[in-house]
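Enquirer: Just so it is clear, I am handing over coords_0.cif, which has mmCIF, C-alpha atoms.
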data_coords
loop_
_atom_site.label_atom_id
_atom_site.label_comp_id
_atom_site.auth_asym_id
_atom_site.auth_seq_id
_atom_site.Cartn_x
_atom_site.Cartn_y
_atom_site.Cartn_z
CA MET A 191 -17.19 -16.53 75.47
CA GLY A 192 -20.24 -15.51 73.48
CA PRO A 193 -21.52 -17.31 70.37
CA PRO A 194 -20.03 -14.82 67.85
CA GLN A 195 -16.49 -15.21 69.22
CA ASP A 196 -17.04 -18.95 69.47
CA VAL A 197 -17.38 -19.03 65.68
CA VAL A 198 -13.95 -17.44 65.24
CA VAL A 199 -12.31 -19.80 67.74
CA ARG A 200 -13.85 -22.90 66.16
CA THR A 201 -12.70 -21.78 62.72
CA GLU A 202 -9.13 -21.54 64.01
CA GLN A 203 -9.47 -25.00 65.56
CA ARG A 204 -10.65 -26.45 62.25
CA MET A 205 -7.75 -24.89 60.36
CA ALA A 206 -5.31 -26.38 62.87
CA ARG A 207 -6.91 -29.79 62.40
CA MET A 208 -6.67 -29.44 58.61
CA VAL A 209 -2.88 -29.08 58.94
CA GLY A 210 -2.83 -32.05 61.32
CA TYR A 211 -4.72 -34.19 58.79
CA ALA A 212 -2.25 -33.23 56.07
CA ARG A 213 0.73 -34.03 58.28
CA ALA A 214 -0.65 -37.48 59.15
CA ALA A 215 -1.49 -38.29 55.53
CA CYS A 216 1.83 -37.13 54.06
CA ALA A 217 3.81 -39.13 56.63
CA THR A 218 3.11 -42.24 54.55
CA PHE A 219 5.36 -40.93 51.74
CA VAL A 220 8.51 -41.51 53.80
CA LEU A 221 7.91 -45.27 53.44
CA VAL A 222 8.49 -45.16 49.68
CA PRO A 223 12.33 -45.04 49.78
CA LEU A 224 12.31 -48.38 51.64
CA PHE A 225 10.97 -50.06 48.50
CA GLY A 226 14.28 -49.15 46.81
CA TRP A 227 16.26 -50.72 49.62
CA ASP A 228 18.93 -52.12 47.36
CA GLN A 229 19.52 -48.72 45.78
CA LEU A 230 20.15 -46.92 49.08
CA ARG A 231 23.61 -46.18 50.31
CA HIS A 232 22.58 -46.31 53.99
CA PRO A 233 19.21 -48.11 54.35
CA TRP A 234 19.26 -47.80 58.12
CA ILE A 235 19.01 -44.00 57.75
CA ALA A 236 15.79 -44.50 55.76
CA VAL A 237 14.44 -46.70 58.59
CA VAL A 238 15.29 -44.05 61.17
CA VAL A 239 13.60 -41.43 59.00
CA VAL A 240 10.41 -43.52 58.81
CA VAL A 241 10.28 -44.03 62.59
CA ALA A 242 11.05 -40.39 63.38
CA ALA A 243 8.58 -39.07 60.79
CA ALA A 244 5.82 -41.32 62.11
CA ALA A 245 6.46 -40.20 65.68
CA GLU A 246 6.60 -36.50 64.75
CA ALA A 247 3.47 -36.77 62.60
CA GLY A 248 1.58 -38.43 65.45
CA TRP A 249 2.68 -35.79 67.96
CA PHE A 250 1.93 -32.93 65.57
CA SER A 251 -1.52 -34.27 64.62
CA TRP A 252 -2.46 -34.91 68.25
CA SER A 253 -1.36 -31.38 69.25
CA ALA A 254 -3.21 -29.80 66.30
CA TRP A 255 -6.39 -31.76 67.04
CA HIS A 256 -6.41 -30.68 70.67
CA SER A 257 -5.62 -27.06 69.89
CA THR A 258 -8.00 -24.72 71.70
CA SER A 259 -7.44 -21.82 69.33
CA ARG A 260 -5.07 -20.87 66.53
CA LEU A 261 -2.30 -23.27 65.48
CA ALA A 262 0.49 -22.65 67.98
CA ASP A 263 3.58 -20.83 66.71
CA ARG A 264 5.88 -23.11 68.73
CA LEU A 265 4.27 -26.19 67.22
CA VAL A 266 4.85 -24.85 63.71
CA LEU A 267 8.44 -23.85 64.49
CA ALA A 268 9.17 -27.34 65.84
CA ASP A 269 7.66 -28.90 62.72
CA VAL A 270 9.79 -26.72 60.43
CA ALA A 271 12.93 -27.59 62.37
CA PHE A 272 12.11 -31.29 62.18
CA CYS A 273 11.54 -31.10 58.41
CA VAL A 274 14.86 -29.30 57.90
CA ALA A 275 16.66 -32.03 59.84
CA LEU A 276 14.68 -34.77 58.09
CA MET A 277 15.67 -33.52 54.64
CA LEU A 278 19.33 -32.95 55.49
CA VAL A 279 19.72 -36.34 57.23
CA GLY A 280 17.29 -38.44 55.23
CA SER A 281 18.78 -37.59 51.86
CA ARG A 282 22.08 -39.08 53.03
CA ALA A 283 20.54 -42.53 52.81
CA ALA A 284 20.91 -42.37 49.00
CA GLU A 285 23.95 -42.17 46.82
CA PRO A 286 25.02 -38.57 46.12
CA GLY A 287 24.01 -38.81 42.47
CA GLU A 288 20.63 -40.40 43.25
CA ARG A 289 19.41 -38.16 46.07
CA ASN A 290 17.07 -36.02 43.95
CA ARG A 291 15.42 -39.09 42.44
CA ILE A 292 15.19 -41.54 45.31
CA MET A 293 14.57 -39.13 48.19
CA THR A 294 11.90 -37.05 46.41
CA GLU A 295 9.35 -38.77 48.67
CA LEU A 296 10.56 -36.61 51.54
CA VAL A 297 9.23 -33.52 49.77
CA PRO A 298 5.45 -34.20 50.29
CA PHE A 299 6.09 -34.68 54.02
CA SER A 300 8.08 -31.46 54.19
CA LEU A 301 5.53 -29.46 52.12
CA VAL A 302 3.08 -29.60 55.01
CA ALA A 303 5.44 -27.38 57.02
CA PRO A 304 5.00 -24.25 54.81
CA ALA A 305 1.26 -24.85 54.88
CA GLY A 306 1.36 -24.79 58.68
CA VAL A 307 3.40 -21.60 58.55
CA GLY A 308 0.79 -20.01 56.29
CA PHE A 309 -2.10 -20.95 58.60
CA ALA A 310 -0.36 -20.06 61.88
CA LEU A 311 1.91 -17.09 61.12
CA GLY A 312 0.36 -15.63 57.99
CA ILE A 313 2.37 -13.27 55.86
CA GLY A 314 5.30 -11.71 57.66
CA VAL A 315 9.05 -11.84 58.18
CA ALA A 316 8.95 -14.92 60.42
CA GLY A 317 6.84 -16.88 57.95
CA VAL A 318 8.99 -15.96 54.96
CA VAL A 319 12.19 -16.87 56.87
CA MET A 320 10.81 -20.31 57.79
CA VAL A 321 9.77 -21.09 54.22
CA ALA A 322 13.16 -19.89 52.94
CA ALA A 323 14.85 -22.19 55.48
CA LEU A 324 12.87 -25.17 54.17
CA MET A 325 13.78 -24.35 50.58
CA ALA A 326 17.45 -23.94 51.47
CA ALA A 327 17.48 -27.23 53.42
CA TRP A 328 16.08 -29.17 50.47
CA SER A 329 18.57 -27.54 48.10
CA LEU A 330 21.42 -28.62 50.40
CA ALA A 331 19.90 -32.07 50.86
CA VAL A 332 20.02 -32.99 47.14
CA LEU A 333 23.53 -31.65 46.48
CA PRO A 334 25.31 -32.47 44.28
CA ASP A 335 22.33 -33.94 42.34
CA VAL A 336 20.97 -30.60 41.10
CA THR A 337 18.51 -30.90 38.19
CA LEU A 338 15.52 -29.06 36.78
CA LYS A 339 13.36 -30.97 39.24
CA LEU A 340 14.89 -28.99 42.08
CA GLY A 341 13.14 -25.88 40.73
CA SER A 342 9.74 -27.56 40.81
CA ASP A 343 10.38 -28.77 44.37
CA LEU A 344 11.29 -25.29 45.55
CA LEU A 345 8.25 -23.86 43.75
CA GLY A 346 6.14 -26.37 45.68
CA PHE A 347 7.33 -24.97 49.01
CA ALA A 348 6.42 -21.42 47.93
CA LEU A 349 3.02 -22.42 46.51
CA TRP A 350 1.95 -24.40 49.59
CA TYR A 351 2.79 -21.39 51.72
CA ALA A 352 0.90 -18.98 49.41
CA VAL A 353 -2.15 -21.24 49.06
CA ALA A 354 -2.32 -21.74 52.83
CA LEU A 355 -2.19 -17.97 53.29
CA LEU A 356 -5.13 -17.47 50.90
CA ILE A 357 -7.22 -20.29 52.40
CA ALA A 358 -6.62 -19.01 55.93
CA ARG A 359 -7.53 -15.47 54.90
CA GLU A 360 -10.80 -16.60 53.30
CA LEU A 361 -11.78 -18.80 56.23
CA ARG A 362 -11.00 -16.08 58.76
CA ALA A 363 -12.93 -13.51 56.73
CA LEU A 364 -15.88 -15.91 56.62
CA SER A 365 -15.73 -16.54 60.36
CA ASP A 366 -15.50 -12.79 61.08
CA ALA A 367 -18.49 -12.12 58.80
CA THR A 368 -20.44 -14.92 60.48
CA ALA A 369 -19.60 -13.58 63.93
CA ALA A 370 -20.62 -10.07 62.88
CA ALA A 371 -23.87 -11.40 61.43
CA GLN A 372 -24.59 -13.26 64.67
CA GLU A 373 -23.90 -10.14 66.69
CA ASP A 374 -26.23 -8.15 64.44
CA ALA A 375 -28.88 -10.85 64.73
CA ALA A 376 -28.53 -10.89 68.52
CA ALA A 377 -28.79 -7.10 68.64
CA ALA A 378 -31.83 -7.19 66.35
CA TRP A 379 -33.43 -9.85 68.54
CA ARG A 380 -32.82 -7.79 71.67
CA LEU A 381 -34.35 -4.78 69.94
CA PHE A 382 -37.31 -6.88 68.82
CA VAL A 383 -37.85 -8.21 72.35
CA GLU A 384 -37.66 -4.68 73.74
CA GLN A 385 -40.12 -3.41 71.14
CA GLU A 386 -42.43 -6.32 71.87
CA ARG A 387 -42.20 -5.54 75.57
CA GLU A 388 -42.99 -1.88 74.90
CA ALA A 389 -45.86 -2.83 72.59
CA GLU A 390 -47.24 -5.20 75.21
CA SER A 391 -46.95 -2.49 77.86
CA LEU A 392 -48.70 -0.05 75.53
CA ARG A 393 -51.45 -2.58 74.88
CA HIS A 394 -51.93 -3.09 78.61
CA ARG A 395 -52.10 0.65 79.19
CA GLU A 396 -54.57 0.95 76.32
CA ILE A 397 -56.82 -1.73 77.77
CA THR A 398 -56.60 -0.28 81.27
CA HIS A 399 -57.39 3.18 79.90
CA ARG A 400 -60.34 1.82 77.98
CA GLU A 401 -61.73 -0.07 80.95
CA ILE A 402 -61.46 2.92 83.28
CA HIS A 403 -62.38 5.67 80.83
CA ASP A 404 -65.09 3.92 78.82
CA TYR A 405 -66.68 1.59 81.36
CA LEU A 406 -66.12 2.87 84.89
CA LEU A 407 -65.84 6.66 84.68
CA PRO A 408 -69.21 7.15 82.90
CA ILE A 409 -70.91 5.23 85.70
CA VAL A 410 -69.10 7.20 88.39
CA ASP A 411 -69.89 10.48 86.64
CA HIS A 412 -73.55 9.55 86.32
CA VAL A 413 -73.84 8.65 90.00
CA ALA A 414 -71.84 11.70 91.09
CA ALA A 415 -74.20 13.95 89.07
CA GLY A 416 -77.17 12.55 91.00
CA GLY A 417 -78.63 10.69 88.03
CA THR A 418 -81.05 7.83 88.49
CA PRO A 419 -79.41 4.50 87.66
CA SER A 420 -81.23 2.89 84.75
CA ALA A 421 -81.38 -0.84 84.10
CA ALA A 422 -78.78 -0.46 81.35
CA LEU A 423 -76.49 1.50 83.65
CA VAL A 424 -76.77 -1.16 86.35
CA ARG A 425 -75.95 -3.80 83.78
CA GLU A 426 -72.94 -1.83 82.58
CA ALA A 427 -71.79 -1.32 86.18
CA ARG A 428 -71.91 -5.07 86.74
CA ARG A 429 -69.98 -5.70 83.55
CA GLY A 430 -67.42 -3.03 84.36
CA ALA A 431 -66.83 -4.51 87.83
CA GLN A 432 -66.32 -7.98 86.39
CA ARG A 433 -63.93 -6.73 83.72
CA ALA A 434 -61.94 -4.74 86.29
CA ARG A 435 -61.60 -7.83 88.51
CA ARG A 436 -60.32 -9.85 85.57
CA ILE A 437 -57.65 -7.27 84.82
CA ILE A 438 -56.54 -7.14 88.47
CA MET A 439 -56.70 -10.84 89.34
CA ASP A 440 -56.16 -12.72 86.07
CA PRO A 441 -53.38 -11.96 83.56
CA ARG A 442 -55.68 -13.35 80.88
CA GLY A 443 -57.89 -10.41 81.63
CA MET A 444 -55.71 -8.45 79.24
CA ASP A 445 -56.79 -10.76 76.41
CA PRO A 446 -59.64 -9.18 74.44
CA ARG A 447 -61.26 -12.61 74.10
CA VAL A 448 -61.54 -12.79 77.89
CA LEU A 449 -62.54 -9.16 78.33
CA THR A 450 -65.42 -9.43 75.89
CA ASP A 451 -66.75 -12.70 77.32
CA ASP A 452 -69.30 -11.09 79.62
CA THR A 453 -71.45 -13.76 81.16
CA SER A 454 -73.21 -11.72 83.80
CA GLY A 455 -76.95 -12.05 84.02
CA SER A 456 -79.39 -9.24 84.49
CA GLY A 457 -81.67 -8.76 87.41
CA PRO A 458 -85.44 -9.20 87.23
CA GLY A 459 -87.06 -6.77 84.86
CA GLU A 460 -83.80 -5.60 83.22
CA PRO A 461 -83.89 -5.31 79.44
CA PRO A 462 -81.47 -7.41 77.39
CA ALA A 463 -78.28 -5.98 75.89
CA SER A 464 -78.95 -6.35 72.16
CA SER A 465 -81.27 -7.74 69.56
CA GLY A 466 -78.78 -9.07 67.03
CA SER A 467 -80.78 -7.64 64.11
CA ASP A 468 -79.03 -6.15 61.08
CA VAL A 469 -80.96 -2.86 61.28
CA VAL A 470 -81.48 -1.36 64.72
CA PRO A 471 -84.17 1.35 64.77
CA ALA A 472 -84.31 3.80 67.60
CA GLY A 473 -86.48 2.72 70.49
CA ALA A 474 -86.97 -0.81 69.16
CA ASP A 475 -88.07 -3.44 71.65
CA ARG A 476 -85.16 -5.66 72.65
CA GLY A 477 -86.97 -7.82 75.13
CA ALA A 478 -85.97 -11.45 75.49
CA GLY A 479 -88.15 -14.05 73.86
CA PRO A 480 -90.40 -16.40 75.83
CA GLY A 481 -88.41 -18.70 78.04
CA GLU A 482 -85.13 -16.93 77.17
CA SER A 483 -83.19 -15.57 80.14
CA GLN A 484 -81.05 -12.47 80.01
CA ALA A 485 -77.95 -14.45 80.98
CA SER A 486 -78.42 -16.85 78.08
CA ARG A 487 -78.75 -13.94 75.63
CA GLU A 488 -75.59 -12.27 76.94
CA ASP A 489 -73.48 -15.44 76.94
CA GLY A 490 -71.13 -15.41 73.96
CA GLU A 491 -72.46 -12.11 72.55
CA THR A 492 -69.02 -10.85 71.69
CA GLY A 493 -69.59 -10.16 68.00
CA LEU A 494 -69.39 -6.61 66.68
CA GLU A 495 -73.12 -6.41 66.01
CA ALA A 496 -74.04 -7.59 69.51
CA MET A 497 -71.51 -5.27 71.13
CA MET A 498 -72.72 -2.26 69.15
CA SER A 499 -76.32 -3.13 69.95
CA ALA A 500 -75.44 -3.20 73.65
CA VAL A 501 -73.95 0.30 73.28
CA VAL A 502 -77.16 1.47 71.58
CA ASP A 503 -79.22 0.01 74.43
CA MET A 504 -77.18 1.75 77.10
CA PHE A 505 -77.25 5.22 75.54
CA ALA A 506 -80.91 4.91 74.58
CA ASP A 507 -81.72 4.09 78.21
CA GLU A 508 -79.75 7.16 79.28
CA GLY A 509 -81.95 9.33 77.11
CA LEU A 510 -79.75 9.96 74.05
CA PRO A 511 -81.98 10.44 70.96
CA LEU A 512 -80.07 7.83 69.02
CA VAL A 513 -81.01 6.72 65.50
CA PRO A 514 -78.85 3.66 64.86
CA PHE A 515 -78.18 1.54 61.81
CA VAL A 516 -76.14 -1.59 62.49
CA ALA A 517 -75.41 -4.00 59.63
CA VAL A 518 -72.56 -6.44 60.22
CA ARG A 519 -72.03 -9.34 57.81
CA GLY A 520 -68.81 -10.72 59.26
CA GLU A 521 -66.54 -10.39 62.26
CA PRO A 522 -63.27 -8.43 62.25
CA PRO A 523 -60.51 -9.50 64.67
CA GLU A 524 -61.44 -9.37 68.34
CA ALA A 525 -58.95 -6.65 69.21
CA VAL A 526 -60.36 -4.53 66.38
CA ARG A 527 -63.91 -5.07 67.64
CA GLU A 528 -62.88 -3.96 71.12
CA ALA A 529 -61.19 -0.82 69.78
CA LEU A 530 -64.14 0.09 67.51
CA VAL A 531 -66.71 -0.39 70.25
CA ALA A 532 -64.64 1.58 72.78
CA ALA A 533 -64.18 4.46 70.32
CA THR A 534 -67.90 4.44 69.49
CA ARG A 535 -68.79 4.58 73.18
CA GLU A 536 -66.39 7.48 73.61
CA ALA A 537 -67.88 9.38 70.68
CA LEU A 538 -71.45 8.92 71.99
CA ARG A 539 -70.35 9.81 75.51
CA ASN A 540 -68.84 13.04 74.17
CA VAL A 541 -72.15 13.83 72.47
CA MET A 542 -73.93 13.55 75.82
CA ARG A 543 -71.31 15.67 77.55
CA HIS A 544 -70.59 18.39 75.05
CA ALA A 545 -73.12 18.53 72.20
CA GLY A 546 -75.82 20.25 74.19
CA PRO A 547 -79.52 19.70 73.42
CA VAL A 548 -79.86 17.66 70.21
CA ASP A 549 -82.90 16.26 68.49
CA GLU A 550 -81.15 13.36 66.86
CA VAL A 551 -77.83 11.53 66.95
CA SER A 552 -76.99 9.17 64.10
CA LEU A 553 -75.00 5.98 64.54
CA PHE A 554 -74.06 4.11 61.37
CA VAL A 555 -72.22 0.78 61.63
CA GLU A 556 -71.56 -1.35 58.57
CA GLY A 557 -68.88 -3.87 57.74
CA ASP A 558 -67.66 -7.42 57.61
CA ALA A 559 -64.53 -9.38 58.40
CA GLU A 560 -62.47 -7.32 55.95
CA GLU A 561 -63.52 -3.72 56.65
CA VAL A 562 -65.73 -1.75 58.99
CA LEU A 563 -67.13 1.78 58.84
CA VAL A 564 -68.60 3.51 61.91
CA VAL A 565 -70.00 7.05 61.80
CA VAL A 566 -71.33 9.02 64.78
CA ARG A 567 -73.02 12.29 63.77
CA ASP A 568 -74.67 14.95 65.89
CA ARG A 569 -75.89 18.44 65.11
CA GLY A 570 -75.09 20.04 68.42
CA VAL A 571 -72.99 23.02 69.35
CA GLY A 572 -69.82 21.61 67.77
CA PHE A 573 -66.36 22.96 68.52
CA ASP A 574 -63.23 24.35 66.95
CA PRO A 575 -60.71 21.47 66.63
CA ALA A 576 -57.81 23.90 66.86
CA THR A 577 -58.79 24.98 70.36
CA VAL A 578 -59.67 21.62 71.90
CA ARG A 579 -57.34 19.99 74.41
CA ARG A 580 -56.75 16.28 73.85
CA GLY A 581 -58.96 14.38 76.25
CA GLY A 582 -59.65 10.74 76.94
CA GLY A 583 -60.98 9.92 73.49
CA LEU A 584 -58.42 11.83 71.47
CA ALA A 585 -55.58 10.53 73.63
CA GLY A 586 -56.71 6.97 74.30
CA SER A 587 -59.71 5.39 72.59
CA TYR A 588 -59.25 6.96 69.16
CA PRO A 589 -55.49 6.27 68.80
CA ALA A 590 -56.21 2.62 69.59
CA ILE A 591 -57.96 2.40 66.21
CA SER A 592 -54.79 3.58 64.48
CA ARG A 593 -52.67 1.03 66.34
CA HIS A 594 -54.88 -1.69 64.88
CA GLY A 595 -54.49 -0.39 61.34
CA GLY A 596 -57.52 1.86 61.17
CA ARG A 597 -58.11 5.60 61.16
CA VAL A 598 -60.28 8.11 63.02
CA GLU A 599 -61.55 11.30 61.39
CA VAL A 600 -63.17 14.00 63.52
CA THR A 601 -64.96 16.73 61.58
CA ALA A 602 -66.37 19.61 63.60
CA ARG A 603 -67.09 23.31 63.48
CA PRO A 604 -68.68 25.68 65.98
CA GLY A 605 -72.47 25.49 65.64
CA GLY A 606 -72.27 22.76 63.00
CA GLY A 607 -72.11 19.64 65.14
CA VAL A 608 -69.52 16.88 65.13
CA LYS A 609 -68.96 13.90 62.88
CA VAL A 610 -66.67 11.07 64.02
CA THR A 611 -65.74 8.50 61.38
CA LEU A 612 -64.00 5.24 62.31
CA ARG A 613 -62.55 3.22 59.44
CA TRP A 614 -60.86 -0.14 59.61
CA PRO A 615 -58.60 -0.76 57.91
CA ALA A 616 -57.48 2.72 56.96
CA PRO A 617 -58.20 3.32 53.26
CA PRO A 618 -55.15 3.79 51.03
CA ALA A 619 -54.19 7.21 49.77
CA GLY A 620 -55.88 8.37 46.59
CA VAL A 621 -59.25 6.72 47.18
CA PRO A 622 -62.39 8.28 48.67
CA GLY A 623 -61.90 8.51 52.40
CA GLY A 624 -58.18 7.84 52.02
CA ALA A 625 -55.30 9.94 53.24
CA PRO A 626 -54.85 13.21 51.33
#
Rewrite the structure from the file as structure tokens, please.

Expert:
Amino acid sequence: MGPPQDVVVRTEQRMARMVGYARAACATFVLVPLFGWDQLRHPWIAVVVVVAAAAEAGWFSWSAWHSTSRLADRLVLADVAFCVALMLVGSRAAEPGERNRIMTELVPFSLVAPAGVGFALGIGVAGVVMVAALMAAWSLAVLPDVTLKLGSDLLGFALWYAVALLIARELRALSDATAAAQEDAAAAWRLFVEQEREAESLRHREITHREIHDYLLPIVDHVAAGGTPSAALVREARRGAQRARRIIMDPRGMDPRVLTDDTSGSGPGEPPASSGSDVVPAGADRGAGPGESQASREDGETGLEAMMSAVVDMFADEGLPLVPFVAVRGEPPEAVREALVAATREALRNVMRHAGPVDEVSLFVEGDAEEVLVVVRDRGVGFDPATVRRGGGLAGSYPAISRHGGRVEVTARPGGGVKVTLRWPAPPAGVPGGAP
């Protein structure tokens, strides 16, 4: 049985125990007639009533406490029958003219029976018949001592039945609402887990796409085209191999913090990856300082400025006439840095592949921990966006920016070059650069 249904069952068990508590408590009232021993016509009947009521109350309470579900119909029927007999027999202990006064203490014990009927049977013919039988039995029990008090006693039987009906209805409605809420919560949790699984799968595909498309394919394409491997290309090949091994062999390789922690050193004579300066002019010397090894400069260089500077180094070594400006005053989240750098690499790679001969390519990077703007601008052959098939950048690297809350804008026209703008986070609508 699932948790939602368990709530309904436990509510029924508690209602059964409530009737059991009332039966045990009201059994004490049958002792009261014994205090008027000298006024009873047959005191021994009162003693028998006390013993029988105590035994029945104990049996009823024990059965109600150990109920595994709703209060049993047979248990309630037996209780009603016992109360009918108790009233008809017990009242005979008093004188005929004193029955309504002396034996009134039997009423509280008997009033528990209509309450049990209300909880177990609810509203229906069987319940109404049982309550009517109790009322008729008490009316016969007090004959011939009929007074106005008889009306209040009979009203008590009807009210206990009605109140029990209302309480049971409210408790059952509450348990049903709780069970429904738990089912909705369980369904929402399953949906959340499924969405998280899909998001994690998408993130893994995104990282794998980025590693293959942005790090490995350019190297393979360069070698396949017969190009001469530069120092930067060799360094990137080493980094790409290490990153690929981490993805294959270590699940933590999917974590951007692990992926960006490149600790590989460079061979003798290889230039370092970045300078770390705020403004990066084209062709600037990025040589390591005296006594500073390439490995020590690359260790921990996972900030946006260092990563962008490494991109500048690589494309400058490949011959791209790059004019960069890199000014970073704070670090955005690591996943955002990865996505921005990957998209920038893709944009510059597209310039080399498709822009044709260009005299100058501008790279503008500025931002902090709250927002980042990256612009890649060339004045090459351009293209018509309406006729371009979605490739690796449009289908992989660029959408990754959107998944991290940013936006990519590609402006191009035939003969007018291409401008790629990366913004994180995406500006709100109605502001410059925002959504139209």

Enquirer: Could the residues of stretch 306-393 of chain A that have an atom at most 12 Å from stretch 590-599 of chain A be listed as JSON lines, each with its closest atom pair and the distance in Å to one decimal, counting only C-alpha atoms and ordered by chain and ascending residue number?

Expert:
{"residue": "A:Ala389", "atom": "CA", "partner": "A:Arg593", "partner_atom": "CA", "distance": 10.0}
{"residue": "A:Leu392", "atom": "CA", "partner": "A:Ala590", "partner_atom": "CA", "distance": 9.9}
{"residue": "A:Arg393", "atom": "CA", "partner": "A:Ala590", "partner_atom": "CA", "distance": 8.8}

Enquirer: Return the single residue from A:Met504, A:Ala377, A:Leu364, A:Ala532 that is closest to A:Ala421, with distances computed using all atoms listed in the file.

Expert: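 The answer is A:Met504, which sits nearest to A:Ala421.
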
Enquirer: Please indicate the distance in Å from atom CA of A:Leu267 to atom CA of A:Pro233, rounded to one decimal place.

Expert: 28.4 Å

Enquirer: Any idea what the distance is between atom CA of A:Thr601 and atom CA of A:Glu561?

Expert: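 Result for atom CA of A:Thr601 versus atom CA of A:Glu561: 21.1 Å, one decimal.
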
Enquirer: With all atoms of stretch 544-554 of chain A from the file as input, state the centre and edge lengths in Å to one decimal of the axis-aligned box that has 8 Å extra on each side, as lines of an AutoDock Vina configuration file.

Expert:
center_x = -76.7
center_y = 12.2
center_z = 68.2
size_x = 28.3
size_y = 32.1
size_z = 29.7

Enquirer: Please return as a compact mmCIF listing (two decimals) with C-alpha atoms, in the frame of the given file every residue within 12 Å of (7.6, -43.3, 59.5), taking into account only C-alpha atoms and the file's own coordinates.

Expert:
# COMPACT_ATOMS: atom_id res chain seq x y z
CA ARG A 213 0.73 -34.03 58.28
CA ALA A 214 -0.65 -37.48 59.15
CA ALA A 215 -1.49 -38.29 55.53
CA CYS A 216 1.83 -37.13 54.06
CA ALA A 217 3.81 -39.13 56.63
CA THR A 218 3.11 -42.24 54.55
CA PHE A 219 5.36 -40.93 51.74
CA VAL A 220 8.51 -41.51 53.80
CA LEU A 221 7.91 -45.27 53.44
CA VAL A 222 8.49 -45.16 49.68
CA PRO A 223 12.33 -45.04 49.78
CA LEU A 224 12.31 -48.38 51.64
CA ILE A 235 19.01 -44.00 57.75
CA ALA A 236 15.79 -44.50 55.76
CA VAL A 237 14.44 -46.70 58.59
CA VAL A 238 15.29 -44.05 61.17
CA VAL A 239 13.60 -41.43 59.00
CA VAL A 240 10.41 -43.52 58.81
CA VAL A 241 10.28 -44.03 62.59
CA ALA A 242 11.05 -40.39 63.38
CA ALA A 243 8.58 -39.07 60.79
CA ALA A 244 5.82 -41.32 62.11
CA ALA A 245 6.46 -40.20 65.68
CA GLU A 246 6.60 -36.50 64.75
CA ALA A 247 3.47 -36.77 62.60
CA GLY A 248 1.58 -38.43 65.45
CA LEU A 276 14.68 -34.77 58.09
CA GLY A 280 17.29 -38.44 55.23
CA GLU A 295 9.35 -38.77 48.67
CA LEU A 296 10.56 -36.61 51.54
CA PHE A 299 6.09 -34.68 54.02

Enquirer: When you count only C-alpha atoms, which of these residues is closest to A:Glu524: A:Leu494, A:Ala616, A:His399, A:His544?

Expert: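 Using only C-alpha atoms, A:Glu524 sits closest to A:Leu494.
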
Enquirer: Do you have the atom CA of A:Trp249-atom CA of A:Asp269 distance handy?

Expert: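 That distance, rounded to one decimal, is 10.0 Å.
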
Enquirer: Rank nothing, just name the residue among A:Gly520, A:Gly416, A:Gly430, A:Pro286 nearest to A:Thr398, using all atoms listed in the file.

Expert: A:Gly430

Enquirer: Could you list, as JSON, numbers by chain, every residue within 9 Å of A:Arg535, counting all atoms listed in the file and ignoring same-chain residues fewer than 3 positions away?

Expert: {"A": [404, 405, 498, 501, 505, 530, 531, 532, 538, 539, 540]}

Enquirer: Selected by the PyMOL selection byres ((chain A and resi 349-357) around 12) in the shown coordinates: which residues, as an NGL selection string?

Expert: :A and (201-202 or 205-206 or 208-209 or 212 or 297-314 or 317-322 or 324-325 or 342-348 or 358-364)

Enquirer: Given the file above and the PyMOL selection byres ((chain A and resi 562-576) around 7), which residues are selected, and can you give them as a ChimeraX atom specification?

Expert: /A:537,545-548,550-558,561,577-578,602-614

Enquirer: If the PyMOL selection byres ((chain A and resi 495) around 7) were run on this exact file, what residues would it hold? Put them as a list in words.

Expert: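 Evaluating the PyMOL selection byres ((chain A and resi 495) around 7) on these coordinates yields Gly466, Gly493, Leu494, Ala496, Met497, Met498, Ser499, Val516 and Val518 of chain A.
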
Enquirer: Using all atoms listed in the file, which protein or nucleic acid residues come within 9 Å of A:Gln203? Drop anything in the same chain fewer than 3 positions from it, and give the result as number ranges by chain.

Expert: A: 198-200, 206-208, 254-261

Enquirer: With distances taken over all atoms listed in the file, which of A:Ala559, A:Val315, A:Ala331, A:Ile292 is nearest to A:Val279?

Expert: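 Closest candidate: A:Ala331.
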